[in-house]
$ cat upload.cif   # mmCIF, C-alpha atoms and all ligand atoms
data_entry
loop_
_atom_site.label_atom_id
_atom_site.label_comp_id
_atom_site.auth_asym_id
_atom_site.auth_seq_id
_atom_site.Cartn_x
_atom_site.Cartn_y
_atom_site.Cartn_z
CA MET V 1 -10.76 -27.24 -70.06
CA SER V 2 -14.56 -27.23 -69.90
CA SER V 3 -16.86 -24.36 -69.10
CA PRO V 4 -18.52 -24.26 -65.66
CA ALA V 5 -20.92 -27.17 -65.57
CA GLN V 6 -24.35 -27.57 -64.11
CA HIS V 7 -24.19 -30.19 -61.44
CA ASP V 8 -26.35 -33.24 -61.07
CA ASP V 9 -28.27 -32.51 -57.84
CA ALA V 10 -28.55 -36.12 -56.69
CA ALA V 11 -24.88 -36.88 -57.29
CA PHE V 12 -23.85 -33.66 -55.60
CA ALA V 13 -26.12 -34.28 -52.60
CA SER V 14 -24.49 -37.66 -52.09
CA TYR V 15 -21.00 -36.17 -52.54
CA ARG V 16 -21.74 -33.44 -50.03
CA ALA V 17 -23.25 -35.86 -47.50
CA SER V 18 -19.90 -37.61 -47.24
CA PHE V 19 -18.20 -34.53 -45.78
CA THR V 20 -18.53 -33.46 -42.17
CA GLU V 21 -16.07 -30.59 -41.68
CA ALA V 22 -16.96 -27.81 -39.25
CA CYS V 23 -18.98 -24.96 -40.70
CA GLY V 24 -16.18 -22.46 -40.01
CA PHE V 25 -13.51 -24.48 -41.81
CA LEU V 26 -12.21 -22.16 -44.55
CA ASP V 27 -8.70 -23.57 -44.92
CA PHE V 28 -8.62 -26.11 -47.77
CA ALA V 29 -5.39 -24.66 -49.13
CA SER V 30 -3.75 -25.97 -45.92
CA TYR V 31 -5.47 -29.34 -45.85
CA GLY V 32 -8.84 -30.68 -46.89
CA PRO V 33 -10.78 -32.67 -44.28
CA PRO V 34 -11.35 -36.15 -45.78
CA SER V 35 -14.82 -37.49 -46.50
CA ARG V 36 -16.57 -40.20 -44.54
CA ALA V 37 -16.03 -42.50 -47.56
CA VAL V 38 -12.26 -41.99 -47.27
CA ARG V 39 -12.24 -42.58 -43.52
CA GLU V 40 -14.31 -45.75 -43.91
CA ARG V 41 -11.99 -47.07 -46.63
CA VAL V 42 -8.94 -46.60 -44.42
CA VAL V 43 -10.63 -48.36 -41.49
CA HIS V 44 -11.68 -51.21 -43.80
CA LEU V 45 -8.13 -51.63 -45.12
CA LEU V 46 -6.71 -51.60 -41.61
CA GLU V 47 -9.20 -54.25 -40.58
CA LEU V 48 -8.23 -56.40 -43.56
CA ALA V 49 -4.56 -55.99 -42.63
CA GLY V 50 -5.42 -56.89 -39.04
CA ASP V 51 -7.17 -60.08 -40.15
CA GLY V 52 -4.08 -61.15 -42.12
CA GLY V 53 -6.10 -63.40 -44.46
CA PRO V 54 -4.59 -65.08 -47.55
CA GLY V 55 -3.82 -62.72 -50.45
CA ILE V 56 -4.16 -59.67 -48.25
CA ASP V 57 -0.92 -58.21 -49.55
CA GLY V 58 -2.31 -58.12 -53.09
CA THR V 59 -5.61 -56.63 -51.95
CA LEU V 60 -3.86 -53.83 -50.10
CA SER V 61 -1.42 -53.06 -52.90
CA GLY V 62 -4.35 -53.02 -55.38
CA GLU V 63 -5.27 -49.61 -53.97
CA ASP V 64 -2.33 -48.16 -55.95
CA LEU V 65 -3.92 -49.15 -59.24
CA ARG V 66 -7.31 -47.69 -58.29
CA ALA V 67 -5.66 -44.38 -57.42
CA ARG V 68 -3.61 -44.32 -60.61
CA GLN V 69 -6.64 -45.16 -62.78
CA SER V 70 -8.74 -42.37 -61.28
CA PHE V 71 -5.90 -39.86 -61.50
CA ALA V 72 -5.32 -40.83 -65.15
CA ARG V 73 -9.01 -40.23 -65.97
CA LEU V 74 -9.12 -36.91 -64.13
CA SER V 75 -5.84 -35.57 -65.51
CA GLY V 76 -5.97 -36.89 -69.08
CA PHE V 77 -2.58 -38.66 -68.80
CA PRO V 78 -2.50 -42.32 -69.88
CA LEU V 79 -2.39 -44.83 -67.03
CA GLU V 80 1.19 -45.96 -67.68
CA ASN V 81 2.32 -42.32 -67.45
CA VAL V 82 0.88 -41.98 -63.93
CA GLY V 83 2.80 -43.16 -60.89
CA LEU V 84 2.48 -42.63 -57.16
CA THR V 85 4.82 -41.20 -54.58
CA GLY V 86 4.59 -40.18 -50.95
CA SER V 87 4.19 -36.40 -51.20
CA THR V 88 4.42 -33.49 -53.59
CA SER V 89 7.94 -32.82 -52.30
CA LEU V 90 9.14 -36.37 -52.92
CA GLY V 91 7.82 -36.21 -56.48
CA LEU V 92 9.53 -32.88 -57.07
CA PHE V 93 12.81 -34.20 -55.62
CA GLN V 94 12.65 -37.16 -58.01
CA VAL V 95 12.18 -34.83 -60.96
CA ALA V 96 14.75 -32.26 -59.82
CA PHE V 97 17.47 -34.87 -59.33
CA GLY V 98 16.53 -36.54 -62.60
CA LEU V 99 17.44 -33.42 -64.58
CA THR V 100 20.98 -32.56 -65.46
CA GLY V 101 22.53 -29.84 -67.61
CA GLY V 102 20.94 -26.43 -68.17
CA SER V 103 18.84 -24.37 -65.81
CA VAL V 104 15.35 -24.55 -64.36
CA LEU V 105 13.28 -21.40 -63.94
CA VAL V 106 11.38 -21.16 -60.64
CA SER V 107 9.73 -18.25 -58.84
CA ALA V 108 11.48 -17.34 -55.57
CA GLY V 109 7.97 -16.79 -54.19
CA GLU V 110 6.97 -20.42 -54.75
CA PHE V 111 5.87 -22.57 -51.85
CA PRO V 112 9.08 -23.99 -50.30
CA ALA V 113 8.19 -27.54 -51.44
CA ASN V 114 8.70 -26.30 -54.99
CA ARG V 115 11.99 -24.49 -54.27
CA TYR V 116 14.10 -26.82 -52.11
CA PRO V 117 14.27 -29.71 -54.60
CA TRP V 118 15.68 -27.29 -57.20
CA LEU V 119 18.10 -25.70 -54.71
CA ARG V 120 19.34 -29.17 -53.71
CA THR V 121 19.79 -30.48 -57.25
CA SER V 122 21.63 -27.25 -58.06
CA ALA V 123 23.93 -27.69 -55.06
CA ALA V 124 24.57 -31.29 -56.12
CA GLY V 125 25.80 -30.06 -59.51
CA ARG V 126 22.90 -31.33 -61.57
CA ALA V 127 20.32 -28.91 -63.10
CA ARG V 128 20.95 -25.30 -62.00
CA VAL V 129 18.07 -23.39 -60.44
CA GLU V 130 17.32 -19.86 -61.68
CA LEU V 131 15.11 -18.09 -59.13
CA ILE V 132 13.14 -15.10 -60.36
CA GLY V 133 10.83 -12.61 -58.63
CA GLY V 134 9.69 -13.06 -55.05
CA PRO V 135 6.57 -13.51 -52.92
CA GLY V 136 3.55 -12.67 -55.06
CA THR V 137 5.32 -12.90 -58.44
CA ARG V 138 2.85 -14.19 -61.00
CA MET V 139 4.50 -16.65 -63.34
CA THR V 140 2.58 -15.35 -66.34
CA PRO V 141 3.63 -16.35 -69.86
CA ASP V 142 5.13 -12.83 -70.26
CA VAL V 143 7.19 -13.01 -67.07
CA VAL V 144 8.45 -16.46 -68.04
CA ALA V 145 9.15 -15.44 -71.64
CA HIS V 146 11.36 -12.56 -70.42
CA ALA V 147 13.30 -14.80 -68.06
CA LEU V 148 14.00 -17.65 -70.51
CA THR V 149 17.55 -18.09 -71.75
CA SER V 150 19.09 -20.54 -74.19
CA ASP V 151 20.21 -22.44 -71.08
CA THR V 152 16.66 -22.97 -69.72
CA VAL V 153 15.65 -26.62 -69.95
CA ALA V 154 12.60 -26.51 -67.68
CA VAL V 155 10.15 -24.17 -65.96
CA SER V 156 8.53 -25.21 -62.69
CA VAL V 157 5.31 -23.53 -61.50
CA SER V 158 2.36 -24.08 -59.21
CA ALA V 159 -0.95 -24.55 -61.00
CA VAL V 160 -2.49 -22.25 -58.38
CA ASP V 161 -0.21 -20.12 -56.21
CA PHE V 162 -0.59 -20.94 -52.51
CA ARG V 163 -0.19 -17.28 -51.49
CA THR V 164 -2.13 -15.26 -54.05
CA GLY V 165 -4.51 -17.80 -55.61
CA TYR V 166 -3.09 -16.90 -59.04
CA ARG V 167 -3.94 -19.65 -61.53
CA ALA V 168 -1.20 -20.45 -64.02
CA ASP V 169 -1.98 -20.26 -67.72
CA LEU V 170 -0.62 -23.69 -68.64
CA ALA V 171 -1.35 -23.39 -72.36
CA GLY V 172 0.20 -19.89 -72.43
CA LEU V 173 3.29 -21.14 -70.61
CA ARG V 174 3.61 -24.05 -73.02
CA ALA V 175 3.36 -21.63 -75.94
CA VAL V 176 6.18 -19.40 -74.68
CA ILE V 177 8.56 -22.15 -73.56
CA GLY V 178 8.07 -24.15 -76.77
CA PRO V 179 7.81 -27.89 -77.21
CA ASP V 180 11.36 -28.78 -76.13
CA ARG V 181 11.61 -27.30 -72.66
CA LEU V 182 9.91 -29.19 -69.84
CA LEU V 183 6.92 -27.70 -68.03
CA VAL V 184 6.83 -28.98 -64.42
CA VAL V 185 3.56 -28.30 -62.59
CA ASP V 186 2.91 -28.58 -58.86
CA GLY V 187 -0.84 -29.21 -58.93
CA ILE V 188 -1.53 -29.60 -55.22
CA GLN V 189 -3.39 -26.26 -54.91
CA ALA V 190 -5.68 -27.02 -57.85
CA PHE V 191 -6.14 -30.69 -58.66
CA GLY V 192 -9.69 -31.80 -57.96
CA VAL V 193 -11.19 -28.28 -57.96
CA ALA V 194 -9.77 -26.56 -61.03
CA ASP V 195 -10.39 -27.93 -64.49
CA LEU V 196 -6.99 -27.20 -66.04
CA GLU V 197 -5.34 -28.48 -69.19
CA TRP V 198 -3.08 -30.79 -67.22
CA THR V 199 -1.60 -32.51 -70.25
CA GLN V 200 0.13 -29.26 -71.19
CA ALA V 201 2.58 -30.28 -68.45
CA ASP V 202 5.52 -32.62 -68.90
CA VAL V 203 5.37 -33.34 -65.20
CA LEU V 204 2.33 -32.98 -62.98
CA ILE V 205 2.62 -33.70 -59.27
CA ALA V 206 -0.34 -33.45 -56.92
CA GLY V 207 -0.37 -34.39 -53.25
CA ALA V 208 -3.56 -35.89 -51.83
CA GLN V 209 -4.00 -33.87 -48.66
CA LYS V 210 -5.49 -30.56 -49.80
CA TRP V 211 -8.23 -30.08 -52.38
CA ILE V 212 -8.42 -33.81 -53.20
CA ARG V 213 -9.23 -34.41 -49.52
CA ALA V 214 -7.48 -37.74 -49.01
CA GLY V 215 -5.18 -36.94 -46.08
CA TRP V 216 -1.40 -37.23 -46.11
CA GLY V 217 1.00 -39.84 -47.48
CA ALA V 218 0.26 -40.06 -51.21
CA ALA V 219 0.74 -37.97 -54.33
CA ALA V 220 0.42 -38.65 -58.04
CA LEU V 221 3.28 -38.07 -60.46
CA ALA V 222 2.25 -37.91 -64.14
CA LEU V 223 4.67 -37.45 -67.02
CA SER V 224 4.44 -36.74 -70.73
CA PRO V 225 6.39 -39.02 -73.12
CA GLN V 226 9.01 -36.24 -73.28
CA GLY V 227 9.16 -36.02 -69.48
CA LEU V 228 9.67 -39.78 -69.24
CA GLU V 229 12.41 -39.65 -71.82
CA ARG V 230 14.29 -36.67 -70.38
CA ILE V 231 14.03 -37.16 -66.62
CA GLU V 232 16.49 -39.76 -65.47
CA PRO V 233 15.11 -42.22 -62.89
CA LEU V 234 18.13 -41.55 -60.71
CA LEU V 235 16.48 -42.49 -57.42
CA THR V 236 14.55 -45.56 -58.57
CA GLY V 237 14.15 -48.06 -55.77
CA TRP V 238 13.31 -51.74 -55.70
CA THR V 239 9.61 -51.21 -56.53
CA GLY V 240 10.45 -49.05 -59.57
CA VAL V 241 12.14 -51.80 -61.59
CA LEU V 242 11.12 -54.66 -63.86
CA ASP V 243 10.67 -58.05 -62.18
CA SER V 244 10.94 -56.44 -58.77
CA ARG V 245 9.95 -59.65 -57.02
CA ARG V 246 12.38 -62.01 -58.70
CA TYR V 247 14.94 -61.60 -55.92
CA ASP V 248 17.75 -62.97 -58.09
CA GLY V 249 20.50 -60.65 -56.90
CA ASP V 250 20.67 -58.78 -60.24
CA GLU V 251 20.14 -55.07 -60.79
CA HIS V 252 16.95 -54.74 -62.86
CA LEU V 253 16.05 -52.01 -65.36
CA PRO V 254 13.63 -49.22 -64.39
CA LEU V 255 9.99 -49.77 -65.40
CA PRO V 256 9.06 -48.12 -68.71
CA GLY V 257 6.33 -45.80 -67.37
CA ALA V 258 5.99 -43.31 -64.51
CA GLN V 259 6.22 -46.05 -61.91
CA ARG V 260 9.98 -46.05 -62.55
CA PHE V 261 10.13 -43.22 -60.01
CA SER V 262 8.89 -45.48 -57.23
CA VAL V 263 11.36 -45.86 -54.36
CA SER V 264 9.38 -48.30 -52.22
CA ASN V 265 5.83 -49.42 -51.47
CA LEU V 266 3.55 -46.71 -50.16
CA SER V 267 1.18 -47.18 -47.25
CA PRO V 268 -2.01 -48.82 -48.58
CA TYR V 269 -3.98 -46.66 -46.15
CA ALA V 270 -2.64 -43.56 -47.90
CA THR V 271 -3.15 -44.92 -51.42
CA GLY V 272 -6.57 -46.34 -50.47
CA ALA V 273 -7.60 -42.93 -49.13
CA PHE V 274 -6.27 -41.30 -52.30
CA ALA V 275 -8.19 -43.75 -54.53
CA GLU V 276 -11.41 -43.23 -52.61
CA ALA V 277 -11.13 -39.44 -52.62
CA LEU V 278 -10.44 -39.36 -56.37
CA ALA V 279 -13.38 -41.71 -57.00
CA LEU V 280 -15.64 -39.38 -55.03
CA ILE V 281 -14.50 -36.42 -57.16
CA GLU V 282 -15.35 -38.47 -60.24
CA THR V 283 -18.95 -38.98 -59.05
CA VAL V 284 -19.63 -35.28 -59.62
CA GLY V 285 -16.78 -34.23 -61.90
CA VAL V 286 -14.26 -31.41 -61.55
CA PRO V 287 -16.17 -28.86 -63.69
CA ALA V 288 -19.16 -29.09 -61.33
CA ILE V 289 -16.96 -28.79 -58.24
CA GLU V 290 -15.12 -25.87 -59.81
CA GLY V 291 -18.39 -24.05 -60.55
CA ILE V 292 -19.54 -24.34 -56.93
CA VAL V 293 -16.13 -23.35 -55.55
CA ALA V 294 -16.16 -20.26 -57.79
CA ALA V 295 -19.63 -19.30 -56.59
CA HIS V 296 -18.52 -19.66 -52.97
CA ALA V 297 -15.39 -17.61 -53.59
CA GLN V 298 -17.53 -14.87 -55.17
CA ALA V 299 -19.92 -14.93 -52.20
CA LEU V 300 -17.03 -14.59 -49.75
CA ILE V 301 -15.54 -11.73 -51.80
CA ALA V 302 -18.93 -9.98 -51.78
CA GLN V 303 -19.10 -10.22 -47.98
CA LEU V 304 -15.55 -8.89 -47.59
CA ASP V 305 -16.38 -6.02 -49.95
CA ALA V 306 -19.52 -5.21 -47.99
CA ALA V 307 -17.51 -5.17 -44.75
CA GLY V 308 -14.85 -2.90 -46.31
CA VAL V 309 -12.12 -5.58 -46.12
CA PRO V 310 -9.61 -5.41 -49.02
CA VAL V 311 -9.46 -8.51 -51.23
CA LEU V 312 -5.92 -9.24 -52.43
CA SER V 313 -6.57 -12.39 -54.52
CA PRO V 314 -8.00 -12.53 -58.08
CA ARG V 315 -11.63 -11.38 -58.21
CA ASP V 316 -12.61 -13.57 -61.14
CA ARG V 317 -12.99 -17.33 -60.96
CA SER V 318 -9.32 -17.81 -61.76
CA GLY V 319 -8.41 -17.84 -58.05
CA ALA V 320 -9.81 -21.36 -57.59
CA GLY V 321 -10.91 -21.51 -53.94
CA ILE V 322 -8.35 -19.09 -52.49
CA VAL V 323 -9.54 -15.69 -51.25
CA VAL V 324 -7.02 -13.44 -49.51
CA ALA V 325 -8.09 -10.64 -47.16
CA GLY V 326 -5.81 -7.68 -46.40
CA VAL V 327 -5.53 -6.64 -42.75
CA ALA V 328 -2.36 -4.54 -42.83
CA GLY V 329 -0.20 -5.02 -39.73
CA ARG V 330 -2.98 -6.68 -37.74
CA ALA V 331 -3.24 -10.12 -39.29
CA ALA V 332 -2.16 -12.09 -36.20
CA ARG V 333 -4.84 -10.50 -34.03
CA ALA V 334 -7.44 -10.83 -36.78
CA HIS V 335 -6.52 -14.49 -37.19
CA ALA V 336 -6.94 -15.10 -33.44
CA ALA V 337 -10.33 -13.36 -33.54
CA LEU V 338 -11.42 -15.60 -36.42
CA ALA V 339 -10.34 -18.69 -34.46
CA ALA V 340 -12.28 -17.45 -31.42
CA ALA V 341 -15.35 -17.18 -33.69
CA GLY V 342 -14.82 -20.75 -34.91
CA VAL V 343 -13.39 -19.78 -38.30
CA THR V 344 -10.25 -21.59 -39.51
CA ALA V 345 -8.08 -19.73 -42.02
CA THR V 346 -4.33 -19.32 -42.64
CA LEU V 347 -2.27 -16.46 -41.28
CA HIS V 348 0.17 -15.21 -43.92
CA GLY V 349 2.63 -12.77 -42.38
CA GLU V 350 1.54 -9.54 -40.76
CA ASP V 351 -0.87 -8.36 -43.40
CA ARG V 352 -2.79 -11.24 -44.92
CA ILE V 353 -5.40 -13.82 -44.00
CA ARG V 354 -5.90 -16.60 -46.56
CA PHE V 355 -9.35 -18.15 -46.73
CA SER V 356 -9.95 -21.17 -48.94
CA VAL V 357 -13.38 -22.57 -49.76
CA HIS V 358 -14.46 -25.88 -51.25
CA ALA V 359 -17.67 -27.13 -52.83
CA THR V 360 -18.92 -28.39 -49.45
CA THR V 361 -18.34 -25.07 -47.66
CA ARG V 362 -21.46 -23.52 -46.19
CA SER V 363 -21.68 -19.91 -47.32
CA ALA V 364 -23.57 -18.85 -44.18
CA VAL V 365 -20.23 -18.43 -42.43
CA PHE V 366 -18.87 -15.85 -44.91
CA GLY V 367 -20.75 -12.87 -43.44
CA GLU V 368 -19.50 -13.73 -39.97
CA ALA V 369 -15.89 -14.11 -41.14
CA ALA V 370 -16.05 -10.71 -42.87
CA ALA V 371 -17.64 -9.09 -39.80
CA VAL V 372 -14.85 -10.45 -37.57
CA LEU V 373 -12.21 -8.92 -39.89
CA ALA V 374 -13.89 -5.52 -40.36
CA PRO V 375 -12.59 -3.90 -37.12
CA PHE V 376 -9.02 -4.85 -38.03
CA VAL V 377 -9.00 -3.00 -41.34
C1 LIG V 401 2.21 -25.27 -53.78
C2 LIG V 401 2.46 -26.30 -52.72
N1 LIG V 401 3.23 -27.36 -53.00
C3 LIG V 401 3.45 -28.33 -52.09
C4 LIG V 401 2.89 -28.27 -50.83
C5 LIG V 401 3.09 -29.38 -49.85
O1 LIG V 401 3.94 -30.35 -50.30
P1 LIG V 401 4.03 -31.79 -49.62
O2 LIG V 401 2.96 -32.65 -50.23
O3 LIG V 401 5.39 -32.23 -49.92
O4 LIG V 401 3.81 -31.57 -48.14
C6 LIG V 401 2.09 -27.16 -50.48
C7 LIG V 401 1.47 -26.98 -49.16
O5 LIG V 401 1.71 -27.56 -48.14
C8 LIG V 401 1.86 -26.18 -51.46
O6 LIG V 401 1.08 -25.13 -51.19
#

$ encode --input "upload.cif" --output "structure tokens"
Amino acid sequence: MSSPAQHDDAAFASYRASFTEACGFLDFASYGPPSRAVRERVVHLLELAGDGGPGIDGTLSGEDLRARQSFARLSGFPLENVGLTGSTSLGLFQVAFGLTGGSVLVSAGEFPANRYPWLRTSAAGRARVELIGGPGTRMTPDVVAHALTSDTVAVSVSAVDFRTGYRADLAGLRAVIGPDRLLVVDGIQAFGVADLEWTQADVLIAGAQKWIRAGWGAAALALSPQGLERIEPLLTGWTGVLDSRRYDGDEHLPLPGAQRFSVSNLSPYATGAFAEALALIETVGVPAIEGIVAAHAQALIAQLDAAGVPVLSPRDRSGAGIVVAGVAGRAARAHAALAAAGVTATLHGEDRIRFSVHATTRSAVFGEAAAVLAPFV
């Protein structure tokens, strides 16, 4: 993990110019509006597909490699340990069904995409899920250390919690679980904006549609050597095996690397968007993006403080881009008032409004958002 970096003004200006989201869009933890570069890439690929020229199949499927290469550079995992899948959930299902024997520790307050795969594998008689805590539980190294048993074979956490903005201490978790248990990390709420020690994980899965800003339909699945060895490729499909295009009627062995978890070809428009979005992140680098996101989060917190609105998310830069405002019992009406003022945020139950800011967010809107919430406190 690097310290907050100074950004290169020219590179950042060009990065920023590619994004056109509305000024009041403060909802990146739901989805991140894709850049112009991503949209243009998808249109270009569709046009190539429409032309149907020779070799087009190879050109379109080449987008997979671009996405994997960028993800490998940004995460620190070697290329052969990085594969692609269709969503964070699909990646987690692959991993959950690939584990057998022992139990997997998961917070009951996790986003549902990180609970159902474990519930299903448990019901199918493979790895058993052990749910601990509830909404808001922080999976700190201490909490995890107390919940471990001799039966625990894996711990599954979000890198940044979708509800509270809590950022997991991946190195601390690794230290308490030891080298033999698997650390499974859902990185969708952090990858691209938080400079974490991703290679502490045995499994890292990150969908493209939120902070990476590539739209839906692709996710990366990266595994450590231990993860590759211990997670059975139970659901490998025809694209996840050696000599997949030999068509000889034989069953072929799974590929040696992370691509063994491939079930079928992904849409090249989704992988092309993913590749382009990751490449754009690389033009400025995650530490620079993280520094700007942290400054924006601080500015929003300052406006909420000034308006007397309680802040329920971490106050330091550990919250990545998530800032949660407390509006006890009146969140639905406050959320509607924000929408009427052109501010997009997420309604979480009756008491909470989740804002989420990116590096391209314009801070001028923060004062207005705080002023809209003030009467509801
Ligand atoms: C922590 C977390 N994991 C996963 C998802 C989504 O998963 P998927 O890519 O399967 O839609 C979300 C949000 O939608 C999330 O907040």

$ closest_residue --input "upload.cif" --among "V:Ala49, V:Val38, V:Val143, V:Ile205" --to "ligand LIG 401 (chain V)" --atoms "all atoms listed in the file"
V:Ile205

$ atom_distance --input "upload.cif" --atom1 "atom CA of V:Pro268" --atom2 "atom CA of V:Trp211"
20.1 Å

$ axis_aligned_box --input "upload.cif" --around "ligand LIG 401 (chain V)" --padding-each-side "5 Å" --output "AutoDock Vina command-line options"
--center_x 3.2 --center_y -28.9 --center_z -51.0 --size_x 14.3 --size_y 17.5 --size_z 15.6

$ closest_atom_pairs --input "upload.cif" --of "chain V" --to "ligand LIG 401 (chain V)" --cutoff "9 Å" --atoms "only C-alpha atoms and all ligand atoms" --output "Markdown table"
| residue | atom | partner | partner_atom | distance |
| --- | --- | --- | --- | --- |
| V:Ala29 | CA | V:LIG401 | O6 | 6.8 |
| V:Ser30 | CA | V:LIG401 | O5 | 6.1 |
| V:Tyr31 | CA | V:LIG401 | O5 | 7.7 |
| V:Gly86 | CA | V:LIG401 | O2 | 7.7 |
| V:Ser87 | CA | V:LIG401 | O2 | 4.1 |
| V:Thr88 | CA | V:LIG401 | O2 | 3.8 |
| V:Ser89 | CA | V:LIG401 | O3 | 3.5 |
| V:Leu90 | CA | V:LIG401 | O3 | 6.3 |
| V:Gly91 | CA | V:LIG401 | O3 | 8.0 |
| V:Leu92 | CA | V:LIG401 | O3 | 8.3 |
| V:Glu110 | CA | V:LIG401 | C1 | 6.9 |
| V:Phe111 | CA | V:LIG401 | C1 | 4.9 |
| V:Pro112 | CA | V:LIG401 | N1 | 7.3 |
| V:Ala113 | CA | V:LIG401 | C3 | 4.8 |
| V:Asn114 | CA | V:LIG401 | N1 | 5.9 |
| V:Val157 | CA | V:LIG401 | C1 | 8.5 |
| V:Ser158 | CA | V:LIG401 | C1 | 5.6 |
| V:Ala159 | CA | V:LIG401 | C1 | 7.9 |
| V:Val160 | CA | V:LIG401 | C1 | 7.2 |
| V:Asp161 | CA | V:LIG401 | C1 | 6.2 |
| V:Phe162 | CA | V:LIG401 | O6 | 4.7 |
| V:Arg163 | CA | V:LIG401 | O6 | 8.0 |
| V:Asp186 | CA | V:LIG401 | N1 | 6.0 |
| V:Gly187 | CA | V:LIG401 | C1 | 7.2 |
| V:Ile188 | CA | V:LIG401 | N1 | 5.7 |
| V:Gln189 | CA | V:LIG401 | C1 | 5.8 |
| V:Ile205 | CA | V:LIG401 | N1 | 8.9 |
| V:Ala206 | CA | V:LIG401 | O2 | 7.5 |
| V:Gly207 | CA | V:LIG401 | O2 | 4.8 |
| V:Ala208 | CA | V:LIG401 | O2 | 7.5 |
| V:Gln209 | CA | V:LIG401 | O2 | 7.2 |
| V:Lys210 | CA | V:LIG401 | C7 | 7.9 |
| V:Trp216 | CA | V:LIG401 | O2 | 7.5 |
| V:Gly217 | CA | V:LIG401 | O2 | 7.9 |
| V:Ala218 | CA | V:LIG401 | O2 | 7.9 |
| V:Ala219 | CA | V:LIG401 | O2 | 7.1 |

$ atom_distance --input "upload.cif" --atom1 "atom CA of V:Asp243" --atom2 "atom CA of V:Leu79"
19.2 Å

$ closest_residue --input "upload.cif" --among "V:Ile132, V:Ala72, V:Ala299, V:Val82" --to "V:Val203" --atoms "all atoms listed in the file"
V:Val82

$ closest_residue --input "upload.cif" --among "V:Ala201, V:Val95, V:Ala273, V:Ala295" --to "V:Gly76" --atoms "only C-alpha atoms"
V:Ala201

$ decode --input "upload.cif" --residues "stretch 165-178 of chain V" --atoms "N, CA and C atoms" --output "short mmCIF file (atom, residue, chain, number, x, y, z; two decimals), in the first residue's frame"
data_model
loop_
_atom_site.label_atom_id
_atom_site.label_comp_id
_atom_site.auth_asym_id
_atom_site.auth_seq_id
_atom_site.Cartn_x
_atom_site.Cartn_y
_atom_site.Cartn_z
N GLY V 165 -18.88 1.61 5.10
CA GLY V 165 -17.65 2.17 4.55
C GLY V 165 -16.42 1.65 5.27
N TYR V 166 -16.61 0.72 6.23
CA TYR V 166 -15.45 0.18 6.96
C TYR V 166 -14.51 -0.54 5.99
N ARG V 167 -13.23 -0.20 6.09
CA ARG V 167 -12.21 -0.79 5.21
C ARG V 167 -11.50 -1.93 5.95
N ALA V 168 -11.53 -3.10 5.36
CA ALA V 168 -10.93 -4.26 6.04
C ALA V 168 -9.41 -4.11 6.12
N ASP V 169 -8.87 -4.62 7.20
CA ASP V 169 -7.42 -4.63 7.40
C ASP V 169 -6.92 -5.99 6.88
N LEU V 170 -6.59 -6.02 5.59
CA LEU V 170 -6.28 -7.31 4.96
C LEU V 170 -5.03 -7.95 5.58
N ALA V 171 -4.01 -7.13 5.86
CA ALA V 171 -2.79 -7.70 6.46
C ALA V 171 -3.08 -8.21 7.87
N GLY V 172 -3.90 -7.45 8.62
CA GLY V 172 -4.27 -7.87 9.98
C GLY V 172 -5.07 -9.16 9.95
N LEU V 173 -5.98 -9.27 8.99
CA LEU V 173 -6.79 -10.49 8.88
C LEU V 173 -5.89 -11.68 8.54
N ARG V 174 -4.98 -11.44 7.61
CA ARG V 174 -4.05 -12.52 7.23
C ARG V 174 -3.26 -12.98 8.45
N ALA V 175 -2.83 -11.99 9.26
CA ALA V 175 -2.02 -12.35 10.44
C ALA V 175 -2.82 -13.22 11.41
N VAL V 176 -4.10 -12.88 11.62
CA VAL V 176 -4.84 -13.69 12.61
C VAL V 176 -5.32 -15.02 12.06
N ILE V 177 -5.58 -15.11 10.77
CA ILE V 177 -6.07 -16.41 10.26
C ILE V 177 -4.92 -17.36 9.96
N GLY V 178 -3.71 -16.80 9.81
CA GLY V 178 -2.55 -17.66 9.54
C GLY V 178 -2.42 -17.97 8.06
#
